[in-house]
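Text of run_25.pdb, listed as PDB, C-alpha atoms:
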ATOM      1  CA  MET A   1      78.067 -61.460 132.226
ATOM      2  CA  THR A   2      79.373 -62.313 135.652
ATOM      3  CA  THR A   3      77.295 -64.531 137.853
ATOM      4  CA  ALA A   4      76.936 -62.006 140.672
ATOM      5  CA  LEU A   5      75.647 -59.354 138.319
ATOM      6  CA  GLN A   6      73.302 -61.911 136.821
ATOM      7  CA  ILE A   7      71.821 -62.741 140.223
ATOM      8  CA  VAL A   8      71.369 -59.090 141.155
ATOM      9  CA  LEU A   9      69.736 -58.294 137.809
ATOM     10  CA  PHE A  10      67.476 -61.340 138.057
ATOM     11  CA  TYR A  11      66.159 -60.323 141.463
ATOM     12  CA  VAL A  12      65.741 -56.675 140.482
ATOM     13  CA  PHE A  13      63.882 -57.445 137.263
ATOM     14  CA  GLY A  14      61.894 -60.249 138.869
ATOM     15  CA  ALA A  15      60.783 -58.098 141.800
ATOM     16  CA  VAL A  16      59.863 -55.174 139.547
ATOM     17  CA  SER A  17      57.897 -57.400 137.185
ATOM     18  CA  VAL A  18      55.958 -59.172 139.936
ATOM     19  CA  ILE A  19      55.165 -56.001 141.888
ATOM     20  CA  SER A  20      54.052 -54.089 138.819
ATOM     21  CA  ALA A  21      52.011 -57.099 137.659
ATOM     22  CA  ILE A  22      50.169 -57.024 140.987
ATOM     23  CA  LEU A  23      49.601 -53.304 140.497
ATOM     24  CA  VAL A  24      48.254 -53.997 136.981
ATOM     25  CA  ILE A  25      45.429 -56.115 138.333
ATOM     26  CA  THR A  26      44.639 -53.956 141.358
ATOM     27  CA  ARG A  27      44.665 -50.374 140.061
ATOM     28  CA  LYS A  28      41.268 -48.752 139.650
ATOM     29  CA  ASN A  29      42.315 -46.575 136.733
ATOM     30  CA  ALA A  30      42.844 -48.553 133.518
ATOM     31  CA  VAL A  31      45.506 -46.101 132.291
ATOM     32  CA  HIS A  32      47.569 -46.760 135.414
ATOM     33  CA  SER A  33      47.171 -50.492 134.820
ATOM     34  CA  ALA A  34      48.432 -50.085 131.268
ATOM     35  CA  LEU A  35      51.465 -48.084 132.402
ATOM     36  CA  PHE A  36      52.342 -50.683 135.033
ATOM     37  CA  LEU A  37      51.950 -53.387 132.393
ATOM     38  CA  ILE A  38      54.522 -51.531 130.275
ATOM     39  CA  LEU A  39      56.859 -51.606 133.294
ATOM     40  CA  THR A  40      56.285 -55.354 133.629
ATOM     41  CA  LEU A  41      57.029 -55.869 129.935
ATOM     42  CA  PHE A  42      60.287 -53.924 130.232
ATOM     43  CA  SER A  43      61.407 -56.022 133.197
ATOM     44  CA  VAL A  44      60.536 -59.211 131.326
ATOM     45  CA  ALA A  45      62.689 -57.891 128.471
ATOM     46  CA  GLY A  46      65.468 -57.549 131.044
ATOM     47  CA  ILE A  47      64.951 -61.178 132.061
ATOM     48  CA  PHE A  48      65.298 -62.123 128.388
ATOM     49  CA  LEU A  49      68.555 -60.169 128.224
ATOM     50  CA  ILE A  50      69.967 -62.079 131.205
ATOM     51  CA  ASN A  51      69.189 -65.273 129.293
ATOM     52  CA  GLY A  52      71.170 -64.078 126.292
ATOM     53  CA  ALA A  53      68.143 -63.540 124.083
ATOM     54  CA  GLU A  54      68.910 -60.045 122.870
ATOM     55  CA  PHE A  55      66.723 -60.240 119.802
ATOM     56  CA  ILE A  56      63.669 -61.379 121.785
ATOM     57  CA  ALA A  57      64.249 -58.595 124.303
ATOM     58  CA  ALA A  58      64.306 -56.022 121.490
ATOM     59  CA  VAL A  59      61.167 -57.522 119.939
ATOM     60  CA  GLN A  60      59.506 -57.491 123.350
ATOM     61  CA  VAL A  61      60.171 -53.776 123.806
ATOM     62  CA  LEU A  62      59.275 -52.839 120.225
ATOM     63  CA  VAL A  63      56.192 -54.987 119.701
ATOM     64  CA  TYR A  64      54.752 -55.224 123.201
ATOM     65  CA  ALA A  65      55.686 -51.990 124.881
ATOM     66  CA  GLY A  66      55.681 -50.041 121.640
ATOM     67  CA  GLY A  67      52.837 -51.563 119.656
ATOM     68  CA  ILE A  68      50.376 -53.519 121.734
ATOM     69  CA  MET A  69      50.371 -51.171 124.703
ATOM     70  CA  VAL A  70      49.777 -48.136 122.493
ATOM     71  CA  LEU A  71      46.793 -50.024 121.088
ATOM     72  CA  PHE A  72      45.562 -50.642 124.629
ATOM     73  CA  LEU A  73      45.959 -46.993 125.566
ATOM     74  CA  PHE A  74      44.083 -45.882 122.450
ATOM     75  CA  VAL A  75      41.193 -48.209 123.272
ATOM     76  CA  ILE A  76      41.134 -46.939 126.864
ATOM     77  CA  LEU A  77      40.800 -43.442 125.440
ATOM     78  CA  LEU A  78      38.044 -44.517 123.034
ATOM     79  CA  VAL A  79      35.983 -46.359 125.626
ATOM     80  CA  ARG A  80      34.369 -44.162 128.217
ATOM     81  CA  LEU A  81      35.457 -45.518 131.585
ATOM     82  CA  GLU A  82      34.058 -42.861 133.909
ATOM     83  CA  GLY A  83      31.028 -44.953 134.750
ATOM     84  CA  ILE A  84      32.916 -48.107 135.622
ATOM     85  CA  GLU A  85      35.435 -46.300 137.781
ATOM     86  CA  LYS A  86      32.741 -45.270 140.201
ATOM     87  CA  GLN A  87      31.408 -48.812 140.423
ATOM     88  CA  ARG A  88      33.020 -51.690 142.225
ATOM     89  CA  ASP A  89      36.199 -53.082 140.651
ATOM     90  CA  TYR A  90      35.963 -56.731 141.444
ATOM     91  CA  GLN A  91      33.563 -59.447 140.514
ATOM     92  CA  THR A  92      31.533 -61.156 143.202
ATOM     93  CA  GLN A  93      33.504 -64.374 142.656
ATOM     94  CA  TRP A  94      36.832 -62.935 143.832
ATOM     95  CA  TRP A  95      36.710 -64.696 147.224
ATOM     96  CA  ILE A  96      36.785 -68.099 145.548
ATOM     97  CA  ALA A  97      39.133 -67.070 142.716
ATOM     98  CA  VAL A  98      42.002 -65.908 144.929
ATOM     99  CA  PRO A  99      42.250 -69.076 147.098
ATOM    100  CA  LEU A 100      42.087 -71.201 143.947
ATOM    101  CA  ALA A 101      44.912 -69.186 142.403
ATOM    102  CA  VAL A 102      46.995 -69.585 145.556
ATOM    103  CA  ILE A 103      46.444 -73.341 145.421
ATOM    104  CA  PHE A 104      47.437 -73.208 141.757
ATOM    105  CA  ILE A 105      50.764 -71.530 142.463
ATOM    106  CA  PHE A 106      51.551 -74.024 145.224
ATOM    107  CA  MET A 107      50.852 -76.812 142.744
ATOM    108  CA  ILE A 108      53.274 -75.314 140.220
ATOM    109  CA  GLY A 109      55.838 -74.805 142.969
ATOM    110  CA  MET A 110      55.585 -78.451 143.964
ATOM    111  CA  MET A 111      56.043 -79.522 140.358
ATOM    112  CA  VAL A 112      59.126 -77.319 140.022
ATOM    113  CA  GLN A 113      60.536 -78.724 143.264
ATOM    114  CA  ALA A 114      59.850 -82.294 142.173
ATOM    115  CA  ASP A 115      61.598 -81.723 138.884
ATOM    116  CA  LYS A 116      64.599 -80.095 140.481
ATOM    117  CA  ASP A 117      66.568 -83.297 141.030
ATOM    118  CA  TYR A 118      65.706 -84.505 137.585
ATOM    119  CA  ALA A 119      66.800 -81.215 136.063
ATOM    120  CA  ILE A 120      70.135 -81.311 137.858
ATOM    121  CA  LYS A 121      70.723 -84.915 136.852
ATOM    122  CA  THR A 122      70.020 -84.275 133.209
ATOM    123  CA  ASP A 123      71.557 -80.844 133.186
ATOM    124  CA  ARG A 124      72.573 -80.036 129.637
ATOM    125  CA  GLN A 125      72.449 -83.672 128.693
ATOM    126  CA  VAL A 126      69.000 -83.467 127.240
ATOM    127  CA  VAL A 127      69.125 -84.560 123.649
ATOM    128  CA  SER A 128      69.248 -81.375 121.718
ATOM    129  CA  ILE A 129      67.104 -81.367 118.661
ATOM    130  CA  GLU A 130      68.926 -78.195 118.026
ATOM    131  CA  THR A 131      69.377 -77.134 114.502
ATOM    132  CA  THR A 132      72.870 -75.904 114.147
ATOM    133  CA  THR A 133      73.336 -73.030 111.845
ATOM    134  CA  GLY A 134      76.271 -74.636 110.115
ATOM    135  CA  GLN A 135      77.735 -71.206 109.644
ATOM    136  CA  GLU A 136      79.835 -68.831 111.631
ATOM    137  CA  VAL A 137      77.290 -66.750 113.441
ATOM    138  CA  ALA A 138      78.135 -63.417 114.985
ATOM    139  CA  GLY A 139      75.377 -63.079 117.540
ATOM    140  CA  ASN A 140      71.911 -63.807 118.752
ATOM    141  CA  VAL A 141      70.116 -61.943 115.965
ATOM    142  CA  GLN A 142      71.974 -63.750 113.247
ATOM    143  CA  GLU A 143      71.404 -67.070 114.961
ATOM    144  CA  VAL A 144      67.646 -66.438 115.258
ATOM    145  CA  GLY A 145      67.569 -65.295 111.647
ATOM    146  CA  TRP A 146      69.307 -68.415 110.361
ATOM    147  CA  ILE A 147      66.934 -70.776 112.121
ATOM    148  CA  LEU A 148      63.804 -68.734 111.544
ATOM    149  CA  PHE A 149      64.300 -68.292 107.815
ATOM    150  CA  ARG A 150      65.580 -71.774 107.079
ATOM    151  CA  ASP A 151      64.043 -74.366 109.374
ATOM    152  CA  TYR A 152      60.982 -72.434 110.466
ATOM    153  CA  LEU A 153      60.159 -70.707 107.210
ATOM    154  CA  LEU A 154      56.681 -72.228 106.857
ATOM    155  CA  PRO A 155      55.581 -71.324 110.415
ATOM    156  CA  PHE A 156      56.976 -67.858 109.783
ATOM    157  CA  GLU A 157      54.836 -67.460 106.675
ATOM    158  CA  ILE A 158      51.799 -68.840 108.506
ATOM    159  CA  ALA A 159      52.396 -66.283 111.247
ATOM    160  CA  SER A 160      52.441 -63.520 108.667
ATOM    161  CA  VAL A 161      49.142 -64.751 107.212
ATOM    162  CA  LEU A 162      47.745 -64.841 110.761
ATOM    163  CA  LEU A 163      48.770 -61.234 111.281
ATOM    164  CA  LEU A 164      47.160 -60.206 108.001
ATOM    165  CA  MET A 165      43.935 -61.977 109.003
ATOM    166  CA  ALA A 166      43.997 -60.331 112.423
ATOM    167  CA  MET A 167      44.513 -56.938 110.832
ATOM    168  CA  ILE A 168      41.587 -57.321 108.438
ATOM    169  CA  ALA A 169      39.369 -58.774 111.168
ATOM    170  CA  ALA A 170      40.184 -55.941 113.551
ATOM    171  CA  ILE A 171      39.343 -53.353 110.911
ATOM    172  CA  VAL A 172      36.052 -55.093 110.065
ATOM    173  CA  LEU A 173      35.068 -55.522 113.712
ATOM    174  CA  ALA A 174      35.897 -52.023 114.853
ATOM    175  CA  ARG A 175      34.437 -50.272 111.809
ATOM    176  CA  LYS A 176      31.260 -48.291 112.224
ATOM    177  CA  GLU A 177      28.283 -49.943 110.614
ATOM    178  CA  ILE A 178      27.259 -48.137 107.460
ATOM    179  CA  ASP A 179      23.519 -48.363 107.012
TER     180      ASP A 179
ATOM    181  CA  MET B   1      73.851 -68.781 140.133
ATOM    182  CA  VAL B   2      70.395 -68.191 138.759
ATOM    183  CA  SER B   3      69.061 -71.655 138.113
ATOM    184  CA  LEU B   4      66.256 -72.720 135.827
ATOM    185  CA  ASN B   5      63.960 -73.080 138.837
ATOM    186  CA  HIS B   6      64.225 -69.373 139.617
ATOM    187  CA  TYR B   7      62.892 -68.551 136.183
ATOM    188  CA  LEU B   8      60.165 -71.170 136.449
ATOM    189  CA  ILE B   9      58.982 -69.790 139.781
ATOM    190  CA  LEU B  10      59.053 -66.192 138.518
ATOM    191  CA  SER B  11      57.057 -67.285 135.495
ATOM    192  CA  ALA B  12      54.565 -69.177 137.680
ATOM    193  CA  LEU B  13      54.109 -66.073 139.841
ATOM    194  CA  LEU B  14      53.419 -63.859 136.834
ATOM    195  CA  PHE B  15      51.067 -66.449 135.341
ATOM    196  CA  THR B  16      49.114 -66.740 138.586
ATOM    197  CA  ILE B  17      48.814 -62.969 138.885
ATOM    198  CA  GLY B  18      47.403 -63.010 135.352
ATOM    199  CA  VAL B  19      44.922 -65.741 136.277
ATOM    200  CA  ILE B  20      43.786 -63.781 139.331
ATOM    201  CA  GLY B  21      43.374 -60.681 137.184
ATOM    202  CA  VAL B  22      41.201 -62.530 134.678
ATOM    203  CA  LEU B  23      39.067 -64.039 137.423
ATOM    204  CA  ILE B  24      38.457 -61.049 139.675
ATOM    205  CA  ARG B  25      38.361 -57.911 137.549
ATOM    206  CA  ARG B  26      35.219 -56.569 135.904
ATOM    207  CA  ASN B  27      36.860 -54.290 133.359
ATOM    208  CA  VAL B  28      37.395 -56.126 130.056
ATOM    209  CA  ILE B  29      40.462 -54.027 129.189
ATOM    210  CA  ILE B  30      42.215 -55.127 132.380
ATOM    211  CA  ILE B  31      41.211 -58.729 131.701
ATOM    212  CA  LEU B  32      42.909 -58.476 128.288
ATOM    213  CA  MET B  33      45.997 -57.021 129.985
ATOM    214  CA  SER B  34      46.019 -59.985 132.378
ATOM    215  CA  ILE B  35      45.994 -62.319 129.383
ATOM    216  CA  GLU B  36      49.069 -60.483 128.083
ATOM    217  CA  LEU B  37      50.679 -61.056 131.487
ATOM    218  CA  MET B  38      50.052 -64.792 131.197
ATOM    219  CA  LEU B  39      51.537 -64.884 127.687
ATOM    220  CA  ASN B  40      54.620 -63.108 129.019
ATOM    221  CA  ALA B  41      54.997 -65.690 131.757
ATOM    222  CA  VAL B  42      55.008 -68.389 129.081
ATOM    223  CA  ASN B  43      57.650 -66.447 127.137
ATOM    224  CA  ILE B  44      59.900 -66.343 130.206
ATOM    225  CA  ASN B  45      59.610 -70.125 130.426
ATOM    226  CA  LEU B  46      60.467 -70.579 126.747
ATOM    227  CA  VAL B  47      63.495 -68.305 126.867
ATOM    228  CA  ALA B  48      64.768 -69.790 130.139
ATOM    229  CA  PHE B  49      64.556 -73.299 128.724
ATOM    230  CA  SER B  50      66.202 -72.115 125.513
ATOM    231  CA  ASN B  51      69.130 -70.865 127.577
ATOM    232  CA  HIS B  52      69.177 -73.961 129.775
ATOM    233  CA  LEU B  53      69.152 -76.457 126.912
ATOM    234  CA  ASP B  54      71.424 -74.393 124.681
ATOM    235  CA  SER B  55      68.885 -74.520 121.926
ATOM    236  CA  MET B  56      67.529 -71.658 119.857
ATOM    237  CA  ILE B  57      64.113 -73.220 119.363
ATOM    238  CA  GLY B  58      62.662 -71.679 122.514
ATOM    239  CA  GLN B  59      63.477 -68.227 121.213
ATOM    240  CA  ILE B  60      61.894 -68.994 117.847
ATOM    241  CA  PHE B  61      58.706 -70.065 119.602
ATOM    242  CA  THR B  62      58.773 -66.910 121.689
ATOM    243  CA  ILE B  63      58.693 -64.904 118.477
ATOM    244  CA  PHE B  64      55.614 -66.838 117.391
ATOM    245  CA  THR B  65      53.995 -66.324 120.801
ATOM    246  CA  ILE B  66      54.546 -62.582 120.516
ATOM    247  CA  THR B  67      53.018 -62.657 117.019
ATOM    248  CA  VAL B  68      49.937 -64.460 118.277
ATOM    249  CA  ALA B  69      49.726 -62.089 121.240
ATOM    250  CA  ALA B  70      49.727 -59.113 118.896
ATOM    251  CA  ALA B  71      46.959 -60.669 116.793
ATOM    252  CA  GLU B  72      44.989 -61.546 119.926
ATOM    253  CA  ALA B  73      45.274 -58.028 121.333
ATOM    254  CA  ALA B  74      44.164 -56.468 118.046
ATOM    255  CA  ILE B  75      41.124 -58.741 117.689
ATOM    256  CA  GLY B  76      40.224 -58.547 121.370
ATOM    257  CA  LEU B  77      40.303 -54.773 121.419
ATOM    258  CA  ALA B  78      38.304 -54.593 118.178
ATOM    259  CA  ILE B  79      35.656 -56.871 119.698
ATOM    260  CA  LEU B  80      35.711 -54.685 122.791
ATOM    261  CA  ILE B  81      35.070 -51.551 120.729
ATOM    262  CA  ALA B  82      32.189 -53.240 118.883
ATOM    263  CA  LEU B  83      30.802 -54.476 122.189
ATOM    264  CA  TYR B  84      31.055 -51.063 123.777
ATOM    265  CA  ARG B  85      29.279 -49.519 120.847
ATOM    266  CA  ASN B  86      26.343 -51.882 121.345
ATOM    267  CA  LYS B  87      26.152 -52.320 125.102
ATOM    268  CA  LYS B  88      27.722 -49.080 126.384
ATOM    269  CA  THR B  89      29.626 -50.977 129.061
ATOM    270  CA  VAL B  90      32.956 -52.759 129.540
ATOM    271  CA  ALA B  91      32.000 -54.631 132.711
ATOM    272  CA  VAL B  92      32.065 -58.359 132.045
ATOM    273  CA  ASP B  93      29.281 -59.246 134.440
ATOM    274  CA  GLU B  94      26.915 -56.885 132.661
ATOM    275  CA  ILE B  95      27.619 -58.562 129.318
ATOM    276  CA  ASP B  96      25.601 -61.665 130.101
ATOM    277  CA  ILE B  97      23.368 -62.014 127.043
ATOM    278  CA  MET B  98      24.676 -65.526 126.300
ATOM    279  CA  ARG B  99      24.305 -66.696 129.882
ATOM    280  CA  TRP B 100      21.786 -69.416 130.644
TER     281      TRP B 100
END
Representation of the structure as C-alpha cells:
Amino acid sequence: MTTALQIVLFYVFGAVSVISAILVITRKNAVHSALFLILTLFSVAGIFLINGAEFIAAVQVLVYAGGIMVLFLFVILLVRLEGIEKQRDYQTQWWIAVPLAVIFIFMIGMMVQADKDYAIKTDRQVVSIETTTGQEVAGNVQEVGWILFRDYLLPFEIASVLLLMAMIAAIVLARKEID
Amino acid sequence: MVSLNHYLILSALLFTIGVIGVLIRRNVIIILMSIELMLNAVNINLVAFSNHLDSMIGQIFTIFTITVAAAEAAIGLAILIALYRNKKTVAVDEIDIMRW
C-alpha cells in the first residue's frame, strides 16, 4: 500500500471512528448507539487493515460487528427502554467526569510526546522476541495460525475454556427462575 | 507517513471517549458499549505495535482480547437481563442496593 493512500485511509477511518464513538455515548436511543458502535468497529477494522493485520480485521468484523453487536441489539429489544428514554440521560456526576477525562487524555498525549524521541531512536531495533514461523508463510492468516497453534496453544485452549464458561454462565444467569 | 504516535493518539481518544461514556451515562447497555469501545482502543494499540515492531505477538494478543470481550459482553448482558427482571430498570443510579 502506498504511503499517501495509507495516510488518507488512516485519517478517514480515524475520523469516522472517533466521531461515531462520540455519537455512541451521546445518543438518547440505545439502538442508535449500537448502530454507531458498529460503524466504529468497522472503522477500527479498517485501521487494522492499514496495519497489515487482515486476519484481525476479519475477526473484528465477524465477531464484534456480527456477533457481539447482534447480542447487544437483542438485549435492547428484550429490555424495555421506553421509561428511561423519557428520563434524563446523564448521571449527576458528569460535570466532574468530563474534565477528569480531558485531563486524562492530555496526560496520555504528554506520555506519547515524551516517548516520541525514544521511539524514533529505537525504531525497529527493539529486541524482537518474535517467534519466527520457520516456514514459508503465504500471508497474515497463515502467520497468525502458525504462531497461535504452536507457541500459544495453551492460551488458545484456555481461551476456549473461558468461552465455554461464559456461555454456560450467560445461559444460567439469563434463564427464567423455575419455581 | 502514519507513525506509531498517530495510532497511539487515536487509541487514546477512543479510550477516553469510552471512559466518559462509562462515567456519565445512566443506561447500563450504553455503559457496556463504552467498555467495548475501550477494549477496541487497546486492540488498536496492540496491532499498531505489532506492525511497528514487526512481531506477530500483538495480533495474537488482540485475538485473545476479542475472545475476552465476547465473554464479557455475554456475561454482562446476561447479568443485565437478570437485573432488569428483578429491578425493572436499567439506570445505574437506581441500582444502588449495595451502596453504603
Selection result for the PyMOL selection byres ((chain A and resi 56) around 9) on this file, as a ChimeraX atom specification: /A:45,48-49,53-55,57-61,141 /B:47,59-60,62-63
Using all atoms listed in the file, which residues of chain B come within 8 Å of chain A, and what is the closest atom pair for each, with the distance in Å to one decimal? Give it as a tab-separated table, sorted by chain and residue number.
residue	atom	partner	partner_atom	distance
B:Met1	CA	A:Thr3	CA	5.9
B:Val2	CA	A:Ile7	CA	5.8
B:Asn5	CA	A:Val112	CA	6.5
B:Leu8	CA	A:Val112	CA	7.2
B:Ile9	CA	A:Gly109	CA	6.7
B:Leu10	CA	A:Gly14	CA	6.6
B:Ala12	CA	A:Ile105	CA	6.5
B:Leu13	CA	A:Ile105	CA	6.9
B:Leu14	CA	A:Val18	CA	6.2
B:Thr16	CA	A:Ala101	CA	6.2
B:Ile17	CA	A:Ile22	CA	6.4
B:Gly18	CA	A:Ile25	CA	7.8
B:Val19	CA	A:Ala101	CA	7.0
B:Ile20	CA	A:Val98	CA	6.2
B:Gly21	CA	A:Ile25	CA	5.1
B:Leu23	CA	A:Ala97	CA	6.1
B:Ile24	CA	A:Trp94	CA	4.8
B:Arg25	CA	A:Tyr90	CA	4.7
B:Arg26	CA	A:Tyr90	CA	5.6
B:Asn27	CA	A:Asp89	CA	7.4
B:Ile29	CA	A:Ala30	CA	7.4
B:Ile30	CA	A:Ala30	CA	6.7
B:Met33	CA	A:Leu37	CA	7.4
B:Ser34	CA	A:Ile25	CA	7.1
B:Leu37	CA	A:Ala21	CA	7.5
B:Asn40	CA	A:Val44	CA	7.5
B:Ile44	CA	A:Phe48	CA	7.1
B:Val47	CA	A:Phe48	CA	6.6
B:Ala48	CA	A:Asn51	CA	6.4
B:Asn51	CA	A:Asn51	CA	5.8
B:His52	CA	A:Arg124	CA	7.0
B:Leu53	CA	A:Arg124	CA	5.7
B:Asp54	CA	A:Arg124	CA	7.6
B:Ser55	CA	A:Glu130	CA	5.4
B:Met56	CA	A:Glu130	CA	6.9
B:Ile57	CA	A:Glu130	CA	7.1
B:Gln59	CA	A:Ile56	CA	6.9
B:Ile60	CA	A:Leu148	CA	6.6
B:Thr62	CA	A:Ile56	CA	7.4
B:Ile63	CA	A:Ile56	CA	6.9
B:Phe64	CA	A:Ala159	CA	7.0
B:Ile66	CA	A:Gln60	CA	7.7
B:Thr67	CA	A:Ala159	CA	6.8
B:Val68	CA	A:Ala159	CA	7.7
B:Ala70	CA	A:Ile68	CA	6.3
B:Ala71	CA	A:Ala166	CA	5.3
B:Glu72	CA	A:Ala166	CA	7.7
B:Ala73	CA	A:Ile68	CA	6.8
B:Ala74	CA	A:Ala170	CA	6.0
B:Ile75	CA	A:Ala170	CA	5.1
B:Leu77	CA	A:Val75	CA	6.9
B:Ala78	CA	A:Ala174	CA	4.8
B:Ile79	CA	A:Leu173	CA	6.2
B:Ile81	CA	A:Ala174	CA	6.0
B:Ala82	CA	A:Ala174	CA	5.6
B:Tyr84	CA	A:Val79	CA	7.1
B:Thr89	CA	A:Ile84	CA	7.9
B:Val90	CA	A:Ile84	CA	7.7
B:Ala91	CA	A:Ile84	CA	7.2
B:Asp93	CA	A:Gln91	CA	7.4
Atomic separation - CA of Ser11 in chain B relative to CA of Asn45 in chain B, Å: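 Separating CA of Asn45 in chain B from CA of Ser11 in chain B is a distance of 6.3 Å.
One distance worth recording is that between CA of Ala114 in chain A and CA of His6 in chain B, which is 13.9 Å.
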Atom-to-atom span, CA of Glu36 in chain B and CA of Arg99 in chain B, Å: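 Straight-line distance from CA of Glu36 in chain B to CA of Arg99 in chain B works out to 25.6 Å.
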Counting all atoms listed in the file, the residue of B:Ala69, B:Val22, B:Met98, B:Asn86 that sits nearest Val42 in chain B: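 Closest to Val42 in chain B, using all atoms listed in the file: B:Ala69.
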Fix up range 71-78 of chain B with all heavy atoms, then write it as a PDB file, keeping the file's coordinate frame.
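Contents of the output file rebuild22.pdb:
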ATOM      1  N   ALA B  71      48.219 -60.425 117.492  1.00  0.00           N
ATOM      2  CA  ALA B  71      46.959 -60.669 116.793  1.00  0.00           C
ATOM      3  C   ALA B  71      45.810 -60.716 117.789  1.00  0.00           C
ATOM      4  O   ALA B  71      44.742 -60.123 117.562  1.00  0.00           O
ATOM      5  CB  ALA B  71      47.050 -61.976 116.013  1.00  0.00           C
ATOM      6  N   GLU B  72      46.035 -61.401 118.919  1.00  0.00           N
ATOM      7  CA  GLU B  72      44.989 -61.546 119.926  1.00  0.00           C
ATOM      8  C   GLU B  72      44.597 -60.192 120.499  1.00  0.00           C
ATOM      9  O   GLU B  72      43.410 -59.897 120.681  1.00  0.00           O
ATOM     10  CB  GLU B  72      45.507 -62.477 121.023  1.00  0.00           C
ATOM     11  CG  GLU B  72      44.616 -62.637 122.222  1.00  0.00           C
ATOM     12  CD  GLU B  72      45.136 -61.877 123.398  1.00  0.00           C
ATOM     13  OE1 GLU B  72      46.359 -61.859 123.600  1.00  0.00           O
ATOM     14  OE2 GLU B  72      44.317 -61.284 124.096  1.00  0.00           O
ATOM     15  N   ALA B  73      45.588 -59.345 120.770  1.00  0.00           N
ATOM     16  CA  ALA B  73      45.274 -58.028 121.333  1.00  0.00           C
ATOM     17  C   ALA B  73      44.474 -57.204 120.335  1.00  0.00           C
ATOM     18  O   ALA B  73      43.495 -56.550 120.716  1.00  0.00           O
ATOM     19  CB  ALA B  73      46.558 -57.312 121.722  1.00  0.00           C
ATOM     20  N   ALA B  74      44.871 -57.265 119.052  1.00  0.00           N
ATOM     21  CA  ALA B  74      44.164 -56.468 118.046  1.00  0.00           C
ATOM     22  C   ALA B  74      42.710 -56.910 117.942  1.00  0.00           C
ATOM     23  O   ALA B  74      41.783 -56.091 117.988  1.00  0.00           O
ATOM     24  CB  ALA B  74      44.868 -56.592 116.702  1.00  0.00           C
ATOM     25  N   ILE B  75      42.493 -58.231 117.824  1.00  0.00           N
ATOM     26  CA  ILE B  75      41.124 -58.741 117.689  1.00  0.00           C
ATOM     27  C   ILE B  75      40.319 -58.470 118.960  1.00  0.00           C
ATOM     28  O   ILE B  75      39.174 -58.027 118.911  1.00  0.00           O
ATOM     29  CB  ILE B  75      41.149 -60.258 117.419  1.00  0.00           C
ATOM     30  CG1 ILE B  75      41.923 -60.550 116.152  1.00  0.00           C
ATOM     31  CG2 ILE B  75      39.744 -60.793 117.328  1.00  0.00           C
ATOM     32  CD1 ILE B  75      41.133 -60.518 114.935  1.00  0.00           C
ATOM     33  N   GLY B  76      40.943 -58.739 120.115  1.00  0.00           N
ATOM     34  CA  GLY B  76      40.224 -58.547 121.370  1.00  0.00           C
ATOM     35  C   GLY B  76      39.785 -57.111 121.551  1.00  0.00           C
ATOM     36  O   GLY B  76      38.646 -56.843 121.939  1.00  0.00           O
ATOM     37  N   LEU B  77      40.673 -56.174 121.232  1.00  0.00           N
ATOM     38  CA  LEU B  77      40.303 -54.773 121.419  1.00  0.00           C
ATOM     39  C   LEU B  77      39.259 -54.344 120.390  1.00  0.00           C
ATOM     40  O   LEU B  77      38.379 -53.539 120.707  1.00  0.00           O
ATOM     41  CB  LEU B  77      41.552 -53.907 121.338  1.00  0.00           C
ATOM     42  CG  LEU B  77      42.503 -54.117 122.517  1.00  0.00           C
ATOM     43  CD1 LEU B  77      43.815 -53.416 122.286  1.00  0.00           C
ATOM     44  CD2 LEU B  77      41.880 -53.622 123.800  1.00  0.00           C
ATOM     45  N   ALA B  78      39.326 -54.923 119.171  1.00  0.00           N
ATOM     46  CA  ALA B  78      38.304 -54.593 118.178  1.00  0.00           C
ATOM     47  C   ALA B  78      36.941 -55.103 118.632  1.00  0.00           C
ATOM     48  O   ALA B  78      35.932 -54.395 118.533  1.00  0.00           O
ATOM     49  CB  ALA B  78      38.676 -55.197 116.827  1.00  0.00           C
TER      50      ALA B  78
END
